[in-house]
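Structure below is input16.cif: mmCIF, C-alpha atoms and all ligand atoms.
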```cif
data_my_file
loop_
_atom_site.label_atom_id
_atom_site.label_comp_id
_atom_site.auth_asym_id
_atom_site.auth_seq_id
_atom_site.Cartn_x
_atom_site.Cartn_y
_atom_site.Cartn_z
CA MET A 1028 19.51 4.85 -6.89
CA ASP A 1029 16.94 7.53 -7.62
CA LEU A 1030 13.47 5.98 -7.47
CA ASN A 1031 12.41 7.37 -10.84
CA LEU A 1032 15.48 5.84 -12.37
CA TYR A 1033 14.51 2.56 -10.75
CA ALA A 1034 11.03 2.89 -12.22
CA LEU A 1035 12.33 3.73 -15.67
CA GLU A 1036 14.71 0.80 -15.58
CA LEU A 1037 11.89 -1.51 -14.61
CA LEU A 1038 10.10 -0.30 -17.72
CA ALA A 1039 13.09 -1.25 -19.81
CA ARG A 1040 12.73 -4.53 -21.65
CA ASP A 1041 16.40 -5.20 -21.12
CA LYS A 1042 16.66 -8.03 -18.54
CA LEU A 1043 19.98 -6.78 -17.24
CA ALA A 1044 18.61 -3.30 -16.50
CA ARG A 1045 15.63 -4.81 -14.70
CA ALA A 1046 17.90 -7.06 -12.62
CA ARG A 1047 20.13 -4.08 -11.73
CA ALA A 1048 17.11 -2.03 -10.63
CA GLU A 1049 15.80 -4.94 -8.54
CA ALA A 1050 19.21 -5.35 -6.88
CA ALA A 1051 19.36 -1.64 -6.01
CA LEU A 1052 15.93 -1.79 -4.43
CA HIS A 1053 16.93 -4.92 -2.55
CA ALA A 1054 19.96 -3.12 -1.10
CA SER A 1055 17.71 -0.33 0.11
CA VAL A 1056 15.49 -2.93 1.80
CA ALA A 1057 18.50 -4.29 3.66
CA ARG A 1058 19.31 -0.79 4.88
CA HIS A 1059 15.78 0.01 6.05
CA ALA A 1060 14.30 -3.24 7.26
CA THR A 1061 13.50 -3.35 10.97
CA PRO A 1062 13.66 -6.47 13.16
CA ARG A 1063 10.62 -8.71 12.76
CA ASP A 1064 10.37 -9.91 16.34
CA GLY A 1065 7.92 -7.66 18.23
CA LEU A 1066 4.73 -9.32 17.09
CA ASP A 1067 2.67 -12.07 18.71
CA ARG A 1068 1.71 -13.90 15.51
CA ARG A 1069 -0.47 -16.43 17.32
CA ALA A 1070 -2.88 -13.67 18.30
CA LEU A 1071 -2.90 -12.05 14.86
CA THR A 1072 -6.02 -12.21 12.69
CA VAL A 1073 -6.76 -10.73 9.29
CA ARG A 1074 -10.46 -9.99 8.99
CA ASP A 1075 -13.06 -7.56 7.66
CA ALA A 1076 -12.89 -4.16 9.30
CA ALA A 1077 -15.73 -3.38 11.68
CA GLU A 1078 -17.14 -0.02 12.74
CA ALA A 1079 -15.44 -0.48 16.10
CA ASP A 1080 -12.05 -0.38 14.29
CA LEU A 1081 -12.64 2.99 12.68
CA ALA A 1082 -10.99 5.17 15.33
CA GLN A 1083 -7.78 3.13 15.13
CA ILE A 1084 -7.85 3.05 11.32
CA THR A 1085 -8.29 6.85 11.34
CA ALA A 1086 -5.29 7.27 13.64
CA ILE A 1087 -3.06 5.17 11.34
CA TRP A 1088 -4.31 7.04 8.27
CA ASN A 1089 -4.06 10.55 9.73
CA HIS A 1090 -0.47 10.02 10.79
CA GLU A 1091 0.43 9.54 7.11
CA VAL A 1092 -1.67 12.51 5.99
CA LEU A 1093 0.02 14.82 8.48
CA TRP A 1094 3.61 13.64 8.46
CA THR A 1095 4.47 11.75 5.26
CA ASP A 1096 3.82 11.75 1.53
CA ALA A 1097 2.49 8.20 1.46
CA THR A 1098 -0.95 9.54 0.54
CA THR A 1099 -1.94 12.49 -1.63
CA ASP A 1100 -4.77 13.39 0.78
CA THR A 1101 -4.12 16.79 2.30
CA GLU A 1102 -6.66 16.86 5.14
CA PRO A 1103 -6.87 14.45 8.06
CA ARG A 1104 -10.16 12.54 8.29
CA ASN A 1105 -12.59 13.21 11.09
CA ALA A 1106 -14.96 10.55 12.44
CA ARG A 1107 -17.69 11.51 9.98
CA ALA A 1108 -15.43 11.32 6.92
CA GLU A 1109 -14.11 7.98 8.12
CA ARG A 1110 -17.62 6.64 8.47
CA GLU A 1111 -18.51 7.79 4.96
CA TRP A 1112 -15.36 6.07 3.66
CA PHE A 1113 -16.40 2.90 5.49
CA GLU A 1114 -19.86 3.01 3.94
CA ARG A 1115 -18.39 3.39 0.44
CA HIS A 1116 -16.80 -0.07 0.85
CA PRO A 1117 -19.33 -2.86 0.48
CA ALA A 1118 -18.14 -6.48 0.17
CA LEU A 1119 -17.05 -5.98 -3.46
CA TYR A 1120 -14.60 -3.30 -2.27
CA PRO A 1121 -13.48 -4.65 1.11
CA ILE A 1122 -11.62 -3.05 3.99
CA VAL A 1123 -9.53 -5.55 5.96
CA VAL A 1124 -7.51 -5.20 9.14
CA ALA A 1125 -4.69 -7.13 10.80
CA ALA A 1126 -5.42 -7.10 14.51
CA THR A 1127 -4.32 -8.68 17.75
CA GLY A 1128 -7.23 -8.68 20.18
CA GLY A 1129 -8.82 -5.26 19.78
CA ALA A 1130 -5.64 -3.57 18.51
CA VAL A 1131 -5.57 -2.73 14.81
CA LEU A 1132 -1.98 -2.94 13.55
CA ALA A 1133 -2.62 -2.49 9.84
CA PHE A 1134 -5.44 -2.04 7.37
CA GLY A 1135 -6.02 -2.11 3.65
CA SER A 1136 -8.81 -1.58 1.18
CA LEU A 1137 -9.90 -2.02 -2.42
CA SER A 1138 -11.69 0.86 -4.12
CA PRO A 1139 -12.98 1.33 -7.66
CA TYR A 1140 -10.13 2.71 -9.76
CA ARG A 1141 -12.42 5.36 -11.27
CA PRO A 1142 -16.03 6.28 -10.38
CA LYS A 1143 -17.29 5.46 -13.92
CA PRO A 1144 -19.10 2.09 -14.11
CA ALA A 1145 -16.74 0.91 -16.85
CA PHE A 1146 -13.95 0.78 -14.23
CA ALA A 1147 -15.97 -1.15 -11.63
CA ARG A 1148 -13.84 -4.29 -12.03
CA THR A 1149 -10.53 -2.46 -11.85
CA VAL A 1150 -9.63 -1.74 -8.25
CA GLU A 1151 -7.03 0.36 -6.48
CA ASP A 1152 -5.46 -0.97 -3.33
CA SER A 1153 -4.42 0.85 -0.15
CA VAL A 1154 -2.19 -0.66 2.54
CA TYR A 1155 -1.28 1.12 5.77
CA VAL A 1156 0.67 -0.30 8.70
CA GLU A 1157 0.85 1.32 12.13
CA ARG A 1158 4.28 2.92 12.25
CA ARG A 1159 5.66 0.87 15.16
CA HIS A 1160 4.85 -2.37 13.30
CA ARG A 1161 6.44 -1.76 9.92
CA GLY A 1162 8.81 -4.31 8.48
CA GLU A 1163 7.08 -7.18 10.31
CA GLY A 1164 5.32 -8.57 7.29
CA LEU A 1165 1.94 -7.01 8.04
CA GLY A 1166 1.82 -5.06 4.78
CA GLY A 1167 2.37 -8.34 2.95
CA LEU A 1168 -0.40 -10.05 4.92
CA ILE A 1169 -2.88 -7.31 4.13
CA LEU A 1170 -1.95 -7.10 0.44
CA SER A 1171 -2.18 -10.90 0.04
CA GLU A 1172 -5.66 -10.85 1.54
CA LEU A 1173 -6.74 -7.97 -0.72
CA ILE A 1174 -5.47 -9.82 -3.80
CA ARG A 1175 -7.23 -13.00 -2.70
CA ARG A 1176 -10.50 -11.12 -2.31
CA ALA A 1177 -10.07 -9.22 -5.58
CA ARG A 1178 -9.77 -12.59 -7.35
CA ALA A 1179 -12.71 -14.06 -5.45
CA HIS A 1180 -14.90 -11.08 -6.43
CA GLY A 1181 -13.98 -11.38 -10.09
CA HIS A 1182 -12.02 -8.14 -10.38
CA ARG A 1183 -9.75 -7.91 -13.38
CA SER A 1184 -6.80 -5.82 -12.18
CA VAL A 1185 -5.46 -4.26 -9.02
CA LEU A 1186 -3.71 -0.92 -9.45
CA ALA A 1187 -1.41 0.75 -6.96
CA ARG A 1188 -0.69 4.48 -7.12
CA ILE A 1189 2.49 5.08 -5.16
CA THR A 1190 4.00 8.50 -4.44
CA SER A 1191 7.65 9.08 -5.30
CA GLY A 1192 10.20 7.84 -2.86
CA ASN A 1193 8.01 5.19 -1.23
CA ARG A 1194 10.45 2.34 -1.59
CA ALA A 1195 8.69 0.13 0.94
CA SER A 1196 5.46 0.26 -1.03
CA MET A 1197 7.17 -0.33 -4.37
CA ARG A 1198 8.99 -3.28 -2.88
CA LEU A 1199 5.81 -4.64 -1.31
CA HIS A 1200 3.91 -4.46 -4.59
CA THR A 1201 6.78 -5.84 -6.67
CA ARG A 1202 6.98 -8.85 -4.30
CA HIS A 1203 3.28 -9.50 -4.90
CA GLY A 1204 3.63 -9.59 -8.65
CA PHE A 1205 2.74 -6.00 -9.55
CA ARG A 1206 4.45 -4.61 -12.64
CA LEU A 1207 5.30 -1.02 -13.37
CA VAL A 1208 2.90 0.78 -15.71
CA GLY A 1209 4.54 4.21 -15.64
CA VAL A 1210 5.32 7.34 -13.70
CA GLU A 1211 3.06 10.39 -13.69
CA GLN A 1212 5.45 13.28 -13.20
CA GLN A 1213 4.69 16.13 -10.78
CA VAL A 1214 0.97 15.48 -10.65
CA ALA A 1215 0.37 16.12 -6.93
CA MET A 1216 1.22 19.26 -4.93
CA ARG A 1217 1.55 18.50 -1.28
CA ARG A 1218 3.43 19.85 1.74
CA GLY A 1219 5.07 22.48 -0.45
CA GLY A 1220 6.40 20.24 -3.20
CA TRP A 1221 5.44 18.41 -6.37
CA LEU A 1222 5.15 14.64 -6.21
CA ASP A 1223 5.44 12.04 -8.94
CA VAL A 1224 3.08 9.08 -8.77
CA THR A 1225 4.22 5.62 -9.82
CA ILE A 1226 1.50 3.31 -11.11
CA MET A 1227 1.83 -0.45 -10.71
CA GLN A 1228 -0.62 -3.11 -11.87
CA LEU A 1229 -1.41 -6.70 -11.03
CA ARG A 1230 -3.51 -8.44 -13.68
CA LEU A 1231 -5.62 -11.13 -12.11
C1 LIG B 1301 4.44 0.35 2.67
C2 LIG B 1301 3.99 -0.49 3.88
C3 LIG B 1301 2.50 -0.78 3.73
C4 LIG B 1301 4.77 -1.83 3.84
O1 LIG B 1301 4.29 -2.63 4.90
P1 LIG B 1301 5.30 -3.37 5.90
O2 LIG B 1301 4.52 -4.22 6.81
O3 LIG B 1301 6.20 -2.36 6.52
O4 LIG B 1301 6.14 -4.23 4.88
P2 LIG B 1301 6.48 -5.78 4.95
O5 LIG B 1301 7.14 -6.06 6.25
O6 LIG B 1301 5.26 -6.59 4.59
O7 LIG B 1301 7.57 -5.85 3.81
C5 LIG B 1301 7.23 -5.71 2.45
C6 LIG B 1301 8.51 -5.55 1.65
O8 LIG B 1301 8.94 -4.19 1.72
C7 LIG B 1301 10.27 -4.13 2.26
N1 LIG B 1301 10.39 -2.92 3.07
C8 LIG B 1301 9.78 -2.68 4.25
N2 LIG B 1301 10.13 -1.45 4.68
C9 LIG B 1301 10.98 -0.93 3.75
C10 LIG B 1301 11.66 0.31 3.60
N3 LIG B 1301 11.53 1.27 4.52
N4 LIG B 1301 12.41 0.50 2.49
C11 LIG B 1301 12.52 -0.45 1.56
N5 LIG B 1301 11.86 -1.64 1.63
C12 LIG B 1301 11.13 -1.88 2.71
C13 LIG B 1301 10.42 -5.39 3.05
O9 LIG B 1301 11.76 -5.76 3.24
C14 LIG B 1301 9.66 -6.39 2.20
O10 LIG B 1301 10.40 -6.80 1.08
P3 LIG B 1301 10.96 -8.31 1.02
O11 LIG B 1301 9.73 -9.19 1.03
O12 LIG B 1301 11.69 -8.34 -0.26
O13 LIG B 1301 11.81 -8.47 2.24
C15 LIG B 1301 4.29 0.20 5.24
O14 LIG B 1301 5.64 0.52 5.31
C16 LIG B 1301 3.47 1.46 5.48
O15 LIG B 1301 2.37 1.37 6.02
N6 LIG B 1301 4.00 2.61 5.07
C17 LIG B 1301 3.29 3.87 5.24
C18 LIG B 1301 2.01 3.90 4.41
C19 LIG B 1301 2.27 3.59 2.95
O16 LIG B 1301 3.26 4.00 2.39
N7 LIG B 1301 1.31 2.83 2.35
C20 LIG B 1301 1.38 2.50 0.94
C21 LIG B 1301 0.80 3.62 0.13
S1 LIG B 1301 0.95 3.29 -1.64
#
```

Represent the structure from my file as structure tokens, please.
Ligand SMILES: CC(C)(COP(=O)(O)OP(=O)(O)OC[C@H]1O[C@@H](n2cnc3c(N)ncnc32)[C@H](O)[C@@H]1OP(=O)(O)O)[C@@H](O)C(=O)NCCC(=O)NCCS
Amino acid sequence: MDLNLYALELLARDKLARARAEAALHASVARHATPRDGLDRRALTVRDAAEADLAQITAIWNHEVLWTDATTDTEPRNARAEREWFERHPALYPIVVAATGGAVLAFGSLSPYRPKPAFARTVEDSVYVERRHRGEGLGGLILSELIRRARAHGHRSVLARITSGNRASMRLHTRHGFRLVGVEQQVAMRRGGWLDVTIMQLRL
């Protein structure tokens, strides 16, 4: 099923249409899911990101910038840009990582939804998993931790802005209680094509 159609059906109030859209997405999960057995869960920790993690976070991020449409960023980040990004995330807007030993397997962050002070308590989440570790539940671990912290910090809503076609992210957010707000059509030009952006919201 076309992802926009899925999104539109989720918007429908009709329970049957919603159930049909959910089932279609579920079928796509079954087709894409990878085995969840390569990870040593005993060694896994979810914690605040530290400066020493930045090079690995940058590598995970830049892969998506260069090769996929998961982000609307068009330029890879260099060390300086990554450091500035790190400094723009005090405790109220955390960056967390899932790591085994010194290896960062996934990261996520909360950022203000808009720079205006009125939006300070509405945050946007980001979740990125190192490509060899997708489908192992790490995205879920990171998003759960971000939601927990958003609640603890008194934020009001978490918003996700998801580019068209990103079924894994839509599924991840749906599983964590996010509801579809709408689809912005052809708002981002990237890698030679227009992208729609789906907005999902979790009210805390
Ligand atoms: C989206 C992303 C964060 C999900 O993290 P993950 O660790 O792979 O996902 P999880 O293992 O926690 O699974 C989350 C859900 O998505 C589903 N899923 C995972 N990969 C999928 C895929 N390729 N297609 C459809 N569904 C998928 C899982 O089955 C699971 O659903 P379930 O709980 O109903 O079984 C990860 O794939 C990723 O980093 N992608 C690239 C970056 C990106 O798109 N970030 C989000 C930007 S909005």

With 7 Å as the cut-off and all atoms listed in the file counted, what is the closest atom pair between each nearby residue of chain A and ligand LIG 1301 (chain B)? Distances in Å to one decimal, ordered by chain and number, as a Markdown table.
```
| residue | atom | partner | partner_atom | distance |
| --- | --- | --- | --- | --- |
| A:His1053 | CA | B:LIG1301 | O12 | 6.7 |
| A:Ser1055 | CA | B:LIG1301 | C11 | 5.4 |
| A:Val1056 | CA | B:LIG1301 | N5 | 3.9 |
| A:Ala1057 | CA | B:LIG1301 | O9 | 6.9 |
| A:His1059 | CA | B:LIG1301 | N3 | 4.7 |
| A:Ala1060 | CA | B:LIG1301 | N2 | 5.2 |
| A:Glu1091 | CA | B:LIG1301 | C18 | 6.4 |
| A:Ala1097 | CA | B:LIG1301 | O16 | 4.4 |
| A:Thr1098 | CA | B:LIG1301 | C21 | 6.2 |
| A:Ser1153 | CA | B:LIG1301 | C21 | 5.9 |
| A:Val1154 | CA | B:LIG1301 | C3 | 4.8 |
| A:Tyr1155 | CA | B:LIG1301 | O15 | 3.7 |
| A:Val1156 | CA | B:LIG1301 | O15 | 3.6 |
| A:Glu1157 | CA | B:LIG1301 | O15 | 6.3 |
| A:Arg1158 | CA | B:LIG1301 | O15 | 6.7 |
| A:His1160 | CA | B:LIG1301 | O2 | 6.8 |
| A:Arg1161 | CA | B:LIG1301 | O3 | 3.5 |
| A:Gly1162 | CA | B:LIG1301 | O5 | 3.3 |
| A:Glu1163 | CA | B:LIG1301 | O5 | 4.2 |
| A:Gly1164 | CA | B:LIG1301 | O5 | 3.3 |
| A:Leu1165 | CA | B:LIG1301 | O2 | 4.0 |
| A:Gly1166 | CA | B:LIG1301 | O1 | 3.5 |
| A:Gly1167 | CA | B:LIG1301 | O6 | 3.8 |
| A:Leu1168 | CA | B:LIG1301 | O6 | 6.6 |
| A:Ala1187 | CA | B:LIG1301 | S1 | 6.4 |
| A:Arg1188 | CA | B:LIG1301 | S1 | 5.8 |
| A:Ile1189 | CA | B:LIG1301 | S1 | 4.2 |
| A:Thr1190 | CA | B:LIG1301 | S1 | 6.7 |
| A:Asn1193 | CA | B:LIG1301 | O16 | 6.1 |
| A:Arg1194 | CA | B:LIG1301 | C11 | 4.7 |
| A:Ala1195 | CA | B:LIG1301 | C12 | 3.6 |
| A:Ser1196 | CA | B:LIG1301 | C1 | 3.8 |
| A:Arg1198 | CA | B:LIG1301 | O8 | 4.7 |
| A:Leu1199 | CA | B:LIG1301 | C6 | 4.1 |
| A:Arg1202 | CA | B:LIG1301 | O11 | 6.0 |
```

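Distances here use all atoms listed in the file; by that measure, the residue among A:Ile1226, A:Gln1083, A:His1203, A:Ala1179 closest to A:Ala1133 is A:Gln1083.
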
From atom CA of A:His1182 to atom CA of A:Ala1108 the spacing works out at 26.3 Å

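For stretch 1067-1071 of chain A, the set of protein, DNA and RNA residues having any atom at most 8 Å away, when counting only C-alpha atoms and skipping those fewer than 2 positions along the same chain, is Gly1065, Val1073, Ala1125, Ala1126, Thr1127 and Gly1128 of chain A.
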
Quick one: write out the picked residues with C-alpha atoms as a PDB file, in the coordinates of the input?
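Below is the file again-v2.pdb, written as the result:
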```pdb
ATOM      1  CA  GLY A1065       7.920  -7.660  18.230  1.00  0.00           C
ATOM      2  CA  VAL A1073      -6.760 -10.730   9.290  1.00  0.00           C
ATOM      3  CA  ALA A1125      -4.690  -7.130  10.800  1.00  0.00           C
ATOM      4  CA  ALA A1126      -5.420  -7.100  14.510  1.00  0.00           C
ATOM      5  CA  THR A1127      -4.320  -8.680  17.750  1.00  0.00           C
ATOM      6  CA  GLY A1128      -7.230  -8.680  20.180  1.00  0.00           C
TER       7      GLY A1128
END
```

Counting all atoms listed in the file, closest pick from A:Asp1096, A:Trp1112, A:Arg1183, A:His1090 relative to A:Leu1222 is A:Asp1096

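The shortest atom-to-atom distance to A:Arg1148, with only C-alpha atoms taken into account, belongs to A:Val1185 out of A:Arg1175, A:Val1185, A:Ala1215, A:Gly1135.
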
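Each of A:Val1131, A:Glu1102, A:Asp1223, A:Ile1174 was compared to A:Thr1072 using only C-alpha atoms, and A:Val1131 turns out to be the nearest.
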
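Nearest residue to A:Pro1121 among A:Asp1080, A:Glu1109, A:Glu1211, A:Glu1172 is A:Glu1172, counting all atoms listed in the file.
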
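Here atom CA of A:Val1208 and atom CA of A:Ser1191 stand 14.1 Å from one another.
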
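Taking all atoms listed in the file into account, the polymer residues that have an atom no farther than 9 Å from (-4.4, 20.9, 0.0) are A:Thr1099, A:Asp1100, A:Thr1101, A:Glu1102, A:Met1216, A:Arg1217, A:Arg1218.
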
Would you put the residues from that selection into a file with C-alpha atoms, as a PDB file, in the coordinates of the input?
```pdb
ATOM      1  CA  THR A1099      -1.940  12.490  -1.630  1.00  0.00           C
ATOM      2  CA  ASP A1100      -4.770  13.390   0.780  1.00  0.00           C
ATOM      3  CA  THR A1101      -4.120  16.790   2.300  1.00  0.00           C
ATOM      4  CA  GLU A1102      -6.660  16.860   5.140  1.00  0.00           C
ATOM      5  CA  MET A1216       1.220  19.260  -4.930  1.00  0.00           C
ATOM      6  CA  ARG A1217       1.550  18.500  -1.280  1.00  0.00           C
ATOM      7  CA  ARG A1218       3.430  19.850   1.740  1.00  0.00           C
TER       8      ARG A1218
END
```

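Atom pair atom CA of A:Arg1104 / atom CA of A:Asn1089 has a distance of 6.6 Å (rounded to one decimal).
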